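Below is one structure, written out as structure tokens, with a few remarks after it.
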2 protein chains.
Amino acid sequence: MRKEQSTNYANEQFLSQVCERNSAISMISGRWKAQIVYYIYEGSNRFNLLQKKLPKISETVLARQLKELEKHAILVKAEVPGTVPTGIKYILTNKGLDLVPILESLCDWGKIYAEGKEIFAGTEAENA
Amino acid sequence: MRKEQSTNYANEQFLSQVCERNSAISMISGRWKAQIVYYIYEGSNRFNLLQKKLPKISETVLARQLKELEKHAILVKAEVPGTVPTGIKYILTNKGLDLVPILESLCDWGKIYAEGKEIFAGTEAENA
DNA sequence: GCAATAACTAACAAAATTGTTAGTCGACAA
DNA sequence: TTGTCGACTAACAATTTTGTTAGTTATTGC
């Protein structure tokens, strides 16, 4: 998948070293990831529940996104006891849970400006 | 650039309508964007200052990222008075400034887990 | 006149992400 | 026994993002 000799890859590494901010963003910036985290947080913690919430996503893509979230330890898989065949649910780790309020502030940030909050250039006193 | 008939585009639109969170993430998820916002915030507000901070970025790519940030009203361009030919500086808007603390919390989030904070599955009491 | 600097753009190529098609496996239901 | 469900995977194609190469414009310094 990743070409470890590419400039693209090297630049990603470089940015991660400049600040964790950049790796954090790359962890949550897949097409469906933030929304998946949020739905799991709200209780849609099974594969098929997520599919119902996201009717446009294909199974393949959902599985892939979940796997990447698992790779970054934002969630883990757990067996649902007493189901045959064994069902699987997704549980946010503490790392994933800590992300939720940050996603909420991003949400608010997007919302207030989308709803028409005035935008202007920073301090006018800035004549450097 | 964008194919407005693609599934990919439709899915992006769909997610934006589910929650502003998703459009917010797409605004900041370009390779260099968060870091550029941060450097401008810290005072590296000229094209060439940003190039010095990010030696690996090419001019073309930097110009492209700045243009996208401008499109999302996170920053604006301003002429630097008294320079010939007219210099240009980048100023964060209030929208861009509001983003900074969110980027800081993402940074902290990334950092504490990268530094070894223990990760475990959410509440064990969750037997749903 | 020749090179250099600041701040770009266009066209193209490389790489990465996203989406599609098809198939798996075990258990139950009709 | 054919079909369905839940939870996937592999291979491939479409789309998007990122990076590269080669310009541009105006002006000052040599």
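Just remember, in the structure tokens the first chain shown is A, the second B, etc., residues are 1-based per chain, and ligands are 1-based in the order shown.
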- request: May I have the residues of chain D within 12 Å of chain A, counting only C-alpha atoms (C1' of nucleotides), written as an MDAnalysis selection string?
  value: chainID D and resid 5:10 16:20
Saved selection, atoms kept: C-alpha atoms (C1' of nucleotides), as a compact mmCIF listing (two decimals), in the first residue's frame:
# COMPACT_ATOMS: atom_id res chain seq x y z
C1' DC D 5 -27.13 -13.06 7.73
C1' DG D 6 -23.01 -11.19 9.94
C1' DA D 7 -18.54 -10.03 9.30
C1' DC D 8 -15.42 -10.01 6.81
C1' DT D 9 -11.00 -10.32 2.55
C1' DA D 10 -8.67 -9.94 -2.11
C1' DT D 16 -8.32 12.41 -5.50
C1' DT D 17 -4.25 14.16 -3.48
C1' DT D 18 0.49 15.11 -3.58
C1' DG D 19 4.72 16.08 -5.86
C1' DT D 20 7.61 17.64 -10.11
Please provide chain B as a tab-separated table (two decimals) with C-alpha atoms, in the first residue's frame, once it has been superposed on chain A by least squares across all sequentially paired Cα atoms.
chain	number	residue	atom	x	y	z
B	1	MET	CA	0.06	-0.10	-0.07
B	2	ARG	CA	2.47	2.56	1.12
B	3	LYS	CA	5.61	3.20	-0.83
B	4	GLU	CA	8.12	3.82	1.88
B	5	GLN	CA	10.53	5.41	-0.57
B	6	SER	CA	8.13	8.06	-1.82
B	7	THR	CA	8.44	11.75	-1.12
B	8	ASN	CA	4.86	11.65	0.00
B	9	TYR	CA	5.66	9.11	2.70
B	10	ALA	CA	8.80	10.97	3.78
B	11	ASN	CA	6.84	14.19	4.11
B	12	GLU	CA	4.22	12.51	6.23
B	13	GLN	CA	6.94	11.22	8.54
B	14	PHE	CA	8.57	14.63	8.67
B	15	LEU	CA	5.33	16.30	9.70
B	16	SER	CA	4.70	13.70	12.37
B	17	GLN	CA	8.03	14.56	13.87
B	18	VAL	CA	7.37	18.27	13.79
B	19	CYS	CA	4.30	17.74	15.92
B	20	GLU	CA	1.92	15.00	16.99
B	21	ARG	CA	-0.82	17.25	15.73
B	22	ASN	CA	-0.07	16.04	12.24
B	23	SER	CA	-0.19	12.35	13.02
B	24	ALA	CA	-3.35	12.93	15.04
B	25	ILE	CA	-4.97	14.51	12.03
B	26	SER	CA	-3.92	11.71	9.75
B	27	MET	CA	-5.50	9.21	12.16
B	28	ILE	CA	-8.91	10.81	11.93
B	29	SER	CA	-8.94	12.11	8.41
B	30	GLY	CA	-10.24	9.13	6.49
B	31	ARG	CA	-13.50	9.74	4.70
B	32	TRP	CA	-15.80	8.08	7.28
B	33	LYS	CA	-13.66	7.79	10.36
B	34	ALA	CA	-14.85	10.62	12.57
B	35	GLN	CA	-18.45	9.74	11.91
B	36	ILE	CA	-17.84	6.07	12.68
B	37	VAL	CA	-16.18	6.98	15.98
B	38	TYR	CA	-19.14	9.13	16.84
B	39	TYR	CA	-21.73	6.49	16.01
B	40	ILE	CA	-19.90	3.87	18.04
B	41	TYR	CA	-19.79	6.37	20.89
B	42	GLU	CA	-23.55	6.72	20.58
B	43	GLY	CA	-24.05	2.98	20.72
B	44	SER	CA	-24.06	1.79	17.12
B	45	ASN	CA	-21.31	-0.60	17.94
B	46	ARG	CA	-21.98	-3.49	15.57
B	47	PHE	CA	-20.98	-3.81	11.94
B	48	ASN	CA	-24.54	-3.95	10.72
B	49	LEU	CA	-25.71	-1.09	12.94
B	50	LEU	CA	-23.02	1.08	11.40
B	51	GLN	CA	-24.14	0.00	7.95
B	52	LYS	CA	-27.68	1.10	8.79
B	53	LYS	CA	-26.42	4.49	9.95
B	54	LEU	CA	-24.27	4.90	6.87
B	55	PRO	CA	-26.33	3.49	4.01
B	56	LYS	CA	-23.90	4.77	1.40
B	57	ILE	CA	-20.87	2.97	2.69
B	58	SER	CA	-19.99	-0.40	1.23
B	59	GLU	CA	-19.07	-3.30	3.46
B	60	THR	CA	-15.55	-3.33	2.14
B	61	VAL	CA	-15.00	0.31	2.88
B	62	LEU	CA	-16.52	0.09	6.34
B	63	ALA	CA	-14.35	-2.89	7.21
B	64	ARG	CA	-11.29	-1.01	6.00
B	65	GLN	CA	-12.02	2.11	8.04
B	66	LEU	CA	-12.69	0.04	11.16
B	67	LYS	CA	-9.43	-1.78	10.69
B	68	GLU	CA	-7.51	1.47	10.46
B	69	LEU	CA	-9.18	2.84	13.57
B	70	GLU	CA	-8.24	-0.38	15.30
B	71	LYS	CA	-4.66	-0.04	14.08
B	72	HIS	CA	-4.46	3.38	15.73
B	73	ALA	CA	-5.95	1.94	18.93
B	74	ILE	CA	-8.96	4.21	18.79
B	75	LEU	CA	-11.20	1.18	19.06
B	76	VAL	CA	-10.96	-2.52	19.69
B	77	LYS	CA	-13.04	-5.46	18.63
B	78	ALA	CA	-14.75	-7.63	21.21
B	79	GLU	CA	-16.82	-10.74	20.95
B	80	VAL	CA	-20.42	-10.47	21.99
B	81	PRO	CA	-20.97	-13.33	24.42
B	82	GLY	CA	-23.87	-15.70	23.87
B	83	THR	CA	-24.16	-15.22	20.12
B	84	VAL	CA	-23.73	-17.97	17.55
B	85	PRO	CA	-21.87	-17.45	15.37
B	86	THR	CA	-19.89	-15.16	17.63
B	87	GLY	CA	-20.97	-11.59	17.02
B	88	ILE	CA	-18.45	-8.79	17.14
B	89	LYS	CA	-18.84	-5.38	18.65
B	90	TYR	CA	-16.60	-2.36	18.51
B	91	ILE	CA	-15.58	-0.57	21.67
B	92	LEU	CA	-13.84	2.77	21.87
B	93	THR	CA	-10.66	2.70	23.90
B	94	ASN	CA	-9.86	5.48	26.34
B	95	LYS	CA	-7.87	6.98	23.47
B	96	GLY	CA	-10.97	6.91	21.29
B	97	LEU	CA	-13.14	8.33	24.06
B	98	ASP	CA	-10.71	11.18	24.59
B	99	LEU	CA	-11.12	12.02	20.95
B	100	VAL	CA	-14.86	12.53	21.19
B	101	PRO	CA	-14.83	15.98	22.85
B	102	ILE	CA	-12.28	17.15	20.29
B	103	LEU	CA	-14.56	16.00	17.50
B	104	GLU	CA	-17.36	17.86	19.23
B	105	SER	CA	-15.41	21.09	19.24
B	106	LEU	CA	-14.58	20.63	15.57
B	107	CYS	CA	-18.26	20.15	14.98
B	108	ASP	CA	-19.16	23.34	16.81
B	109	TRP	CA	-16.43	25.24	15.03
B	110	GLY	CA	-17.74	24.13	11.66
B	111	LYS	CA	-21.30	24.83	12.63
B	112	ILE	CA	-21.03	28.40	13.87
B	113	TYR	CA	-19.26	29.56	10.74
B	114	ALA	CA	-21.50	27.54	8.45
B	115	GLU	CA	-24.46	29.22	10.14
B	116	GLY	CA	-23.19	32.61	9.19
B	117	LYS	CA	-20.93	33.85	11.96
B	118	GLU	CA	-19.06	36.79	10.58
B	119	ILE	CA	-15.54	36.14	9.38
B	120	PHE	CA	-12.89	38.84	9.41
B	121	ALA	CA	-9.14	39.10	9.30
B	122	GLY	CA	-7.47	38.78	12.72
B	123	THR	CA	-6.30	41.80	14.70
B	124	GLU	CA	-6.28	44.98	12.65
B	125	ALA	CA	-3.55	46.15	14.99
B	126	GLU	CA	-1.19	43.78	13.27
B	127	ASN	CA	1.12	45.97	11.20
B	128	ALA	CA	4.25	43.86	11.33
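Proximity to chain B was assessed for C:DC2, C:DA16, C:DC28, C:DA7 counting only C-alpha atoms (C1' of nucleotides); the smallest distance is recorded for C:DA7.
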query: Out of chain B, which residues get strand (DSSP E) from DSSP, as number ranges by chain?
result: B: 75-80, 87-92
Would you write out those residues with all heavy atoms, as a JSON list (two decimals), in the first residue's frame?
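selection-v7.json, written as the output of this step:
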[["chain", "number", "residue", "atom", "x", "y", "z"],
["B", 75, "LEU", "N", -7.71, 31.68, 6.41],
["B", 75, "LEU", "CA", -6.77, 32.80, 6.35],
["B", 75, "LEU", "C", -7.12, 33.70, 5.17],
["B", 75, "LEU", "O", -7.90, 33.33, 4.30],
["B", 75, "LEU", "CB", -5.33, 32.30, 6.26],
["B", 75, "LEU", "CG", -4.94, 31.30, 5.16],
["B", 75, "LEU", "CD1", -4.73, 31.98, 3.83],
["B", 75, "LEU", "CD2", -3.66, 30.57, 5.56],
["B", 76, "VAL", "N", -6.54, 34.88, 5.21],
["B", 76, "VAL", "CA", -6.66, 35.79, 4.06],
["B", 76, "VAL", "C", -5.27, 36.33, 3.72],
["B", 76, "VAL", "O", -4.37, 36.31, 4.55],
["B", 76, "VAL", "CB", -7.60, 37.00, 4.36],
["B", 76, "VAL", "CG1", -9.04, 36.55, 4.50],
["B", 76, "VAL", "CG2", -7.14, 37.75, 5.61],
["B", 77, "LYS", "N", -5.17, 36.79, 2.49],
["B", 77, "LYS", "CA", -3.92, 37.41, 2.05],
["B", 77, "LYS", "C", -4.03, 38.91, 2.27],
["B", 77, "LYS", "O", -5.11, 39.48, 2.14],
["B", 77, "LYS", "CB", -3.70, 37.16, 0.56],
["B", 77, "LYS", "CG", -3.26, 35.77, 0.27],
["B", 77, "LYS", "CD", -2.63, 35.68, -1.11],
["B", 77, "LYS", "CE", -3.68, 35.35, -2.15],
["B", 77, "LYS", "NZ", -3.06, 34.99, -3.45],
["B", 78, "ALA", "N", -2.90, 39.52, 2.59],
["B", 78, "ALA", "CA", -2.90, 40.98, 2.73],
["B", 78, "ALA", "C", -1.60, 41.50, 2.18],
["B", 78, "ALA", "O", -0.57, 40.83, 2.26],
["B", 78, "ALA", "CB", -3.04, 41.37, 4.20],
["B", 79, "GLU", "N", -1.66, 42.67, 1.60],
["B", 79, "GLU", "CA", -0.43, 43.27, 1.10],
["B", 79, "GLU", "C", 0.35, 43.86, 2.26],
["B", 79, "GLU", "O", -0.23, 44.40, 3.20],
["B", 79, "GLU", "CB", -0.76, 44.37, 0.10],
["B", 79, "GLU", "CG", -1.44, 43.83, -1.14],
["B", 79, "GLU", "CD", -1.60, 44.88, -2.22],
["B", 79, "GLU", "OE1", -1.23, 46.04, -1.97],
["B", 79, "GLU", "OE2", -2.07, 44.51, -3.32],
["B", 80, "VAL", "N", 1.66, 43.73, 2.17],
["B", 80, "VAL", "CA", 2.51, 44.34, 3.18],
["B", 80, "VAL", "C", 2.83, 45.74, 2.67],
["B", 80, "VAL", "O", 3.46, 45.88, 1.62],
["B", 80, "VAL", "CB", 3.81, 43.54, 3.37],
["B", 80, "VAL", "CG1", 4.67, 44.19, 4.43],
["B", 80, "VAL", "CG2", 3.50, 42.10, 3.73],
["B", 87, "GLY", "N", 4.79, 43.00, -1.20],
["B", 87, "GLY", "CA", 4.89, 41.72, -0.52],
["B", 87, "GLY", "C", 3.51, 41.28, -0.07],
["B", 87, "GLY", "O", 2.60, 42.09, 0.05],
["B", 88, "ILE", "N", 3.39, 39.99, 0.20],
["B", 88, "ILE", "CA", 2.10, 39.48, 0.64],
["B", 88, "ILE", "C", 2.28, 38.73, 1.94],
["B", 88, "ILE", "O", 3.24, 37.97, 2.11],
["B", 88, "ILE", "CB", 1.49, 38.58, -0.45],
["B", 88, "ILE", "CG1", 1.02, 39.50, -1.60],
["B", 88, "ILE", "CG2", 0.35, 37.73, 0.08],
["B", 88, "ILE", "CD1", 0.27, 38.83, -2.67],
["B", 89, "LYS", "N", 1.39, 38.99, 2.88],
["B", 89, "LYS", "CA", 1.44, 38.22, 4.11],
["B", 89, "LYS", "C", 0.11, 37.51, 4.31],
["B", 89, "LYS", "O", -0.90, 37.87, 3.71],
["B", 89, "LYS", "CB", 1.78, 39.09, 5.31],
["B", 89, "LYS", "CG", 0.72, 40.10, 5.68],
["B", 89, "LYS", "CD", 1.13, 40.89, 6.93],
["B", 89, "LYS", "CE", 0.08, 41.94, 7.24],
["B", 89, "LYS", "NZ", 0.46, 42.80, 8.37],
["B", 90, "TYR", "N", 0.14, 36.49, 5.12],
["B", 90, "TYR", "CA", -1.04, 35.68, 5.38],
["B", 90, "TYR", "C", -1.50, 35.94, 6.80],
["B", 90, "TYR", "O", -0.70, 35.94, 7.73],
["B", 90, "TYR", "CB", -0.72, 34.20, 5.18],
["B", 90, "TYR", "CG", -0.25, 33.97, 3.77],
["B", 90, "TYR", "CD1", 1.10, 33.98, 3.46],
["B", 90, "TYR", "CD2", -1.17, 33.81, 2.74],
["B", 90, "TYR", "CE1", 1.53, 33.83, 2.14],
["B", 90, "TYR", "CE2", -0.75, 33.66, 1.43],
["B", 90, "TYR", "CZ", 0.60, 33.67, 1.14],
["B", 90, "TYR", "OH", 1.01, 33.54, -0.15],
["B", 91, "ILE", "N", -2.78, 36.20, 6.94],
["B", 91, "ILE", "CA", -3.34, 36.50, 8.25],
["B", 91, "ILE", "C", -4.45, 35.51, 8.55],
["B", 91, "ILE", "O", -5.32, 35.28, 7.70],
["B", 91, "ILE", "CB", -3.94, 37.92, 8.26],
["B", 91, "ILE", "CG1", -2.89, 38.95, 7.84],
["B", 91, "ILE", "CG2", -4.49, 38.26, 9.63],
["B", 91, "ILE", "CD1", -3.45, 40.36, 7.72],
["B", 92, "LEU", "N", -4.42, 34.93, 9.74],
["B", 92, "LEU", "CA", -5.52, 34.05, 10.13],
["B", 92, "LEU", "C", -6.76, 34.90, 10.36],
["B", 92, "LEU", "O", -6.69, 35.97, 10.97],
["B", 92, "LEU", "CB", -5.18, 33.28, 11.40],
["B", 92, "LEU", "CG", -4.02, 32.30, 11.31],
["B", 92, "LEU", "CD1", -3.83, 31.60, 12.65],
["B", 92, "LEU", "CD2", -4.23, 31.27, 10.21]]
query: Leaving out DG29 of chain D and any residue of its chain fewer than 6 positions from it, which residues lie within 12 Å of it when counting only C-alpha atoms (C1' of nucleotides), given as a PyMOL selection string?
result: chain C and resi 2-5
message: Considering only alpha helix (DSSP H) as DSSP defines it on the backbone, what residues of chain B qualify? List them as a VMD selection string.
response: chain B and resid 7 to 18 20 to 28 33 to 41 47 to 53 59 to 71 94 to 114
- request: Using only C-alpha atoms (C1' of nucleotides), find the residues of chain C whose closest atom to chain A is at most 10 Å away, then write them as a list in words.
  value: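 That gives the following set of residues: DA14, DA15, DA16, DT17, DT18, DG19, DT20, DG26, DA27 and DC28 of chain C.
As for atom C1' of DT24 of chain D and atom C1' of DA6 of chain C, they are spaced 12.2 Å apart.
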